[in-house]
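Enquirer: Take this structure first; my questions come after.
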Amino acid sequence: MDDVETPIERPDVIVPDTGPLIHLAQTDALHLLHQIGGRVVVADMVAFEATQDMTKPGAQEIQDWLDAGQKPNSNAPVLVAPTEIGRLFATARTVDPTTRAKDSGELAIMQWLGNYVDYHSDASILIVYENGKIPRFVRETGLDMATDVLTTRAFLELAERRGIVSSAEDFWQRIVDVAPTANPQVATMSIRRPKQDRDT
């Protein structure tokens with residue numbers, strides 16, 4: 001496991017790919033995202049990819065969770081972030097409903113984050129992912145804000161350290177039982193602005 005600084009207490013939780021949503025949904029654990037953070041942010045493309053086929057495992061649970069989180073005054077708020085990539089994809093699908101776009105969900109949320117930082121440089125975020133490209137995407141985006149980047153398995157370990165779950169390993173085993181190909185890494189990455197930058 002990589003070294004990680006003291007985790008942010010109540011960050012926005014960003015989910016840049018479908019893996020964490022699907023696997024947490026399959027194990028009735030989407031609520032953990034809100035127990036670690038405050039608002040959960042999912043790109044429009046990620047929401048689409050996770051729910052486009054309602055016969056797939058976890059899709060209905062994710063849709064119900066998204067719907068509940070977008071209600072006014074929800075105590076478990078979810079933002080489905082509109083992105084230019086999502087808009088272009090939706091337009092393309094009106095021409096060809098079979099259109100696919102590789103890494104579109106991941107790229108969409110990175111685009112949204114780049115814009116978010118411009119107006120919320122003092123905010124903090126926690127990114128939960130399974131696609132191994134995400135840490136590179138985050139580094140290339142050059143986020144100038146307090147950021148923790150964790151795999152789903154590392155996220156569960158954080159939940160255990162905070163006393164939210166009694167055993168991260170038990171939760172992980174439940175995920176593996178229904179999704180044997182889930183990313184098994186316990187990987188973390190932290191980004192912190194130098195103190196002198198925060199004080200200026």
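Identifiers in the structure tokens: chain A, B, ... in order shown; residue index from 1 per chain; ligand index from 1 in order shown.
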Sorted by chain and rising residue number, which residues of stretch 72-133 of chain A lie within 8 Å of stretch 9-20 of chain A, and what are their closest atom pairs and distances in Å to one decimal, counting only C-alpha atoms, as a Markdown table?

Expert:
```
| residue | atom | partner | partner_atom | distance |
| --- | --- | --- | --- | --- |
| A:Gly105 | CA | A:Asp17 | CA | 6.0 |
| A:Glu106 | CA | A:Pro16 | CA | 5.0 |
| A:Ile109 | CA | A:Pro16 | CA | 5.7 |
| A:Met110 | CA | A:Pro16 | CA | 7.6 |
| A:Ala123 | CA | A:Pro11 | CA | 7.7 |
| A:Ser124 | CA | A:Pro11 | CA | 5.2 |
| A:Ile125 | CA | A:Pro11 | CA | 4.7 |
| A:Leu126 | CA | A:Val13 | CA | 4.8 |
| A:Ile127 | CA | A:Ile14 | CA | 4.6 |
| A:Val128 | CA | A:Val15 | CA | 5.3 |
| A:Tyr129 | CA | A:Pro20 | CA | 6.0 |
| A:Glu130 | CA | A:Gly19 | CA | 5.6 |
| A:Asn131 | CA | A:Asp17 | CA | 6.6 |
```

Enquirer: Would you please give, as a PyMOL selection string, all residues of stretch 23-174 of chain A that DSSP assigns to helix (DSSP H, G or I) based on the backbone?

Expert: chain A and resi 23-26+31-36+44-51+59-69+84-95+104-119+134-141+152-161+168-174

Enquirer: Can you pull out the residues contacting A:Gly58? Cut-off 9 Å, using only C-alpha atoms, and skip same-chain residues under 2 positions away; I want them as a list in words.

Expert: Leu21, Ile22, His23, Leu24, Ala25, Gln26, Thr27, Asp28, Ala50, Thr51, Met54, Thr55, Lys56, Gln60, Glu61, Ile62 and Gln63 of chain A

Enquirer: Need to verify the contact set: A:Glu84, 10 Å, only C-alpha atoms, exclusion of same-chain residues closer than 3 positions in sequence. Can you return it as a short mmCIF file (atom, residue, chain, number, x, y, z; two decimals) with N, CA and C atoms, in the first residue's frame?

Expert:
```
data_model
loop_
_atom_site.label_atom_id
_atom_site.label_comp_id
_atom_site.auth_asym_id
_atom_site.auth_seq_id
_atom_site.Cartn_x
_atom_site.Cartn_y
_atom_site.Cartn_z
N ASP A 44 -21.80 12.40 -15.85
CA ASP A 44 -22.96 11.94 -16.62
C ASP A 44 -22.64 10.67 -17.40
N MET A 45 -21.42 10.58 -17.93
CA MET A 45 -21.03 9.40 -18.69
C MET A 45 -20.94 8.16 -17.81
N ARG A 87 -22.28 15.43 -23.24
CA ARG A 87 -23.19 16.07 -24.20
C ARG A 87 -22.91 15.59 -25.62
N LEU A 88 -21.63 15.53 -25.99
CA LEU A 88 -21.27 15.08 -27.33
C LEU A 88 -21.64 13.62 -27.55
N PHE A 89 -21.46 12.81 -26.50
CA PHE A 89 -21.81 11.40 -26.60
C PHE A 89 -23.31 11.22 -26.81
N ALA A 90 -24.09 11.98 -26.05
CA ALA A 90 -25.55 11.89 -26.19
C ALA A 90 -25.98 12.29 -27.60
N ALA A 108 -14.50 12.19 -18.79
CA ALA A 108 -15.54 13.17 -18.49
C ALA A 108 -15.37 13.74 -17.08
N GLN A 111 -12.42 16.01 -16.84
CA GLN A 111 -12.75 17.31 -17.42
C GLN A 111 -13.54 18.15 -16.43
N TRP A 112 -14.52 17.54 -15.79
CA TRP A 112 -15.33 18.26 -14.81
C TRP A 112 -14.47 18.73 -13.64
#
```

Enquirer: How far is it from atom CA of A:Pro57 to atom CA of A:Arg161, in Å with one decimal?

Expert: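 We find that atom CA of A:Pro57 and atom CA of A:Arg161 lie 28.7 Å from each other.
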
Enquirer: Considering only C-alpha atoms, return as a list in words whatever protein or nucleic-acid residues lie within 10 Å of A:Ala159, sequence-local ones (same chain, fewer than 6 positions apart) excluded.

Expert: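 With the cut-off at 10 Å, the set is Leu32, Leu33, Gln35, Ile36, Arg153, Val165, Ser166, Ser167 and Ala168 of chain A.
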
Enquirer: Write the residues of the selection above to a file with C-alpha atoms, as an mmCIF file, in the first residue's frame.

Expert:
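The resulting file, selection.cif, is reproduced below:
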```cif
data_model
loop_
_atom_site.group_PDB
_atom_site.id
_atom_site.type_symbol
_atom_site.label_atom_id
_atom_site.label_comp_id
_atom_site.auth_asym_id
_atom_site.auth_seq_id
_atom_site.Cartn_x
_atom_site.Cartn_y
_atom_site.Cartn_z
ATOM 1 C CA LEU A 32 -20.477 3.895 2.529
ATOM 2 C CA LEU A 33 -19.565 6.612 0.018
ATOM 3 C CA GLN A 35 -20.467 7.890 5.349
ATOM 4 C CA ILE A 36 -16.879 8.691 4.384
ATOM 5 C CA ARG A 153 -10.414 -1.892 -1.612
ATOM 6 C CA VAL A 165 -17.327 -1.061 8.930
ATOM 7 C CA SER A 166 -16.039 -3.728 11.263
ATOM 8 C CA SER A 167 -14.063 -5.595 8.618
ATOM 9 C CA ALA A 168 -12.912 -4.250 5.261
#
```

Enquirer: Name all residues at most 8 Å from A:Val186 (count only C-alpha atoms; drop same-chain ones fewer than 3 positions away) and give them as a ChimeraX atom specification.

Expert: /A:1,150-154

Enquirer: Would you export the selected residues with all heavy atoms as a PDB file, in the first residue's frame, please?

Expert:
```
ATOM      1  N   MET A   1       0.848  -1.201   0.000  1.00  0.00           N
ATOM      2  CA  MET A   1       0.000   0.000   0.000  1.00  0.00           C
ATOM      3  C   MET A   1       0.876   1.241   0.000  1.00  0.00           C
ATOM      4  O   MET A   1       1.840   1.339   0.745  1.00  0.00           O
ATOM      5  CB  MET A   1      -0.900  -0.009   1.241  1.00  0.00           C
ATOM      6  CG  MET A   1      -1.849   1.169   1.345  1.00  0.00           C
ATOM      7  SD  MET A   1      -2.981   0.939   2.743  1.00  0.00           S
ATOM      8  CE  MET A   1      -3.909   2.436   2.646  1.00  0.00           C
ATOM      9  N   LEU A 150      -8.078   6.633  -4.049  1.00  0.00           N
ATOM     10  CA  LEU A 150      -8.069   5.294  -3.465  1.00  0.00           C
ATOM     11  C   LEU A 150      -8.799   4.300  -4.359  1.00  0.00           C
ATOM     12  O   LEU A 150      -9.837   4.631  -4.942  1.00  0.00           O
ATOM     13  CB  LEU A 150      -8.770   5.277  -2.095  1.00  0.00           C
ATOM     14  CG  LEU A 150      -8.154   6.003  -0.915  1.00  0.00           C
ATOM     15  CD1 LEU A 150      -8.445   7.494  -0.982  1.00  0.00           C
ATOM     16  CD2 LEU A 150      -8.722   5.448   0.392  1.00  0.00           C
ATOM     17  N   THR A 151      -8.273   3.089  -4.427  1.00  0.00           N
ATOM     18  CA  THR A 151      -9.040   2.010  -5.032  1.00  0.00           C
ATOM     19  C   THR A 151     -10.207   1.657  -4.114  1.00  0.00           C
ATOM     20  O   THR A 151     -10.237   2.038  -2.939  1.00  0.00           O
ATOM     21  CB  THR A 151      -8.172   0.753  -5.219  1.00  0.00           C
ATOM     22  OG1 THR A 151      -7.626   0.382  -3.944  1.00  0.00           O
ATOM     23  CG2 THR A 151      -7.053   0.987  -6.219  1.00  0.00           C
ATOM     24  N   THR A 152     -11.168   0.924  -4.649  1.00  0.00           N
ATOM     25  CA  THR A 152     -12.311   0.512  -3.835  1.00  0.00           C
ATOM     26  C   THR A 152     -11.850  -0.238  -2.587  1.00  0.00           C
ATOM     27  O   THR A 152     -12.363  -0.015  -1.482  1.00  0.00           O
ATOM     28  CB  THR A 152     -13.256  -0.391  -4.653  1.00  0.00           C
ATOM     29  OG1 THR A 152     -13.676   0.315  -5.825  1.00  0.00           O
ATOM     30  CG2 THR A 152     -14.473  -0.795  -3.842  1.00  0.00           C
ATOM     31  N   ARG A 153     -10.876  -1.106  -2.756  1.00  0.00           N
ATOM     32  CA  ARG A 153     -10.414  -1.892  -1.612  1.00  0.00           C
ATOM     33  C   ARG A 153      -9.748  -1.003  -0.561  1.00  0.00           C
ATOM     34  O   ARG A 153      -9.954  -1.187   0.644  1.00  0.00           O
ATOM     35  CB  ARG A 153      -9.451  -2.984  -2.076  1.00  0.00           C
ATOM     36  CG  ARG A 153      -9.195  -4.041  -1.013  1.00  0.00           C
ATOM     37  CD  ARG A 153      -8.417  -5.211  -1.573  1.00  0.00           C
ATOM     38  NE  ARG A 153      -8.286  -6.275  -0.587  1.00  0.00           N
ATOM     39  CZ  ARG A 153      -7.648  -7.418  -0.807  1.00  0.00           C
ATOM     40  NH1 ARG A 153      -7.097  -7.643  -2.003  1.00  0.00           N
ATOM     41  NH2 ARG A 153      -7.568  -8.334   0.139  1.00  0.00           N
ATOM     42  N   ALA A 154      -8.970  -0.017  -1.007  1.00  0.00           N
ATOM     43  CA  ALA A 154      -8.363   0.929  -0.066  1.00  0.00           C
ATOM     44  C   ALA A 154      -9.434   1.776   0.615  1.00  0.00           C
ATOM     45  O   ALA A 154      -9.315   2.125   1.796  1.00  0.00           O
ATOM     46  CB  ALA A 154      -7.358   1.817  -0.792  1.00  0.00           C
TER      47      ALA A 154
END
```

Enquirer: Among the residues of stretch 27-176 of chain A, find those DSSP assigns to strand (DSSP E) from the backbone and print them as an MDAnalysis selection string.

Expert: chainID A and resid 40:43 78:81 124:129 146:151

Enquirer: For A:Gly114, which of A:Leu143, A:Ala179, A:Ile134, A:Ala92 is the closest residue, counting only C-alpha atoms?

Expert: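 Closest to A:Gly114 of all the choices is A:Leu143.
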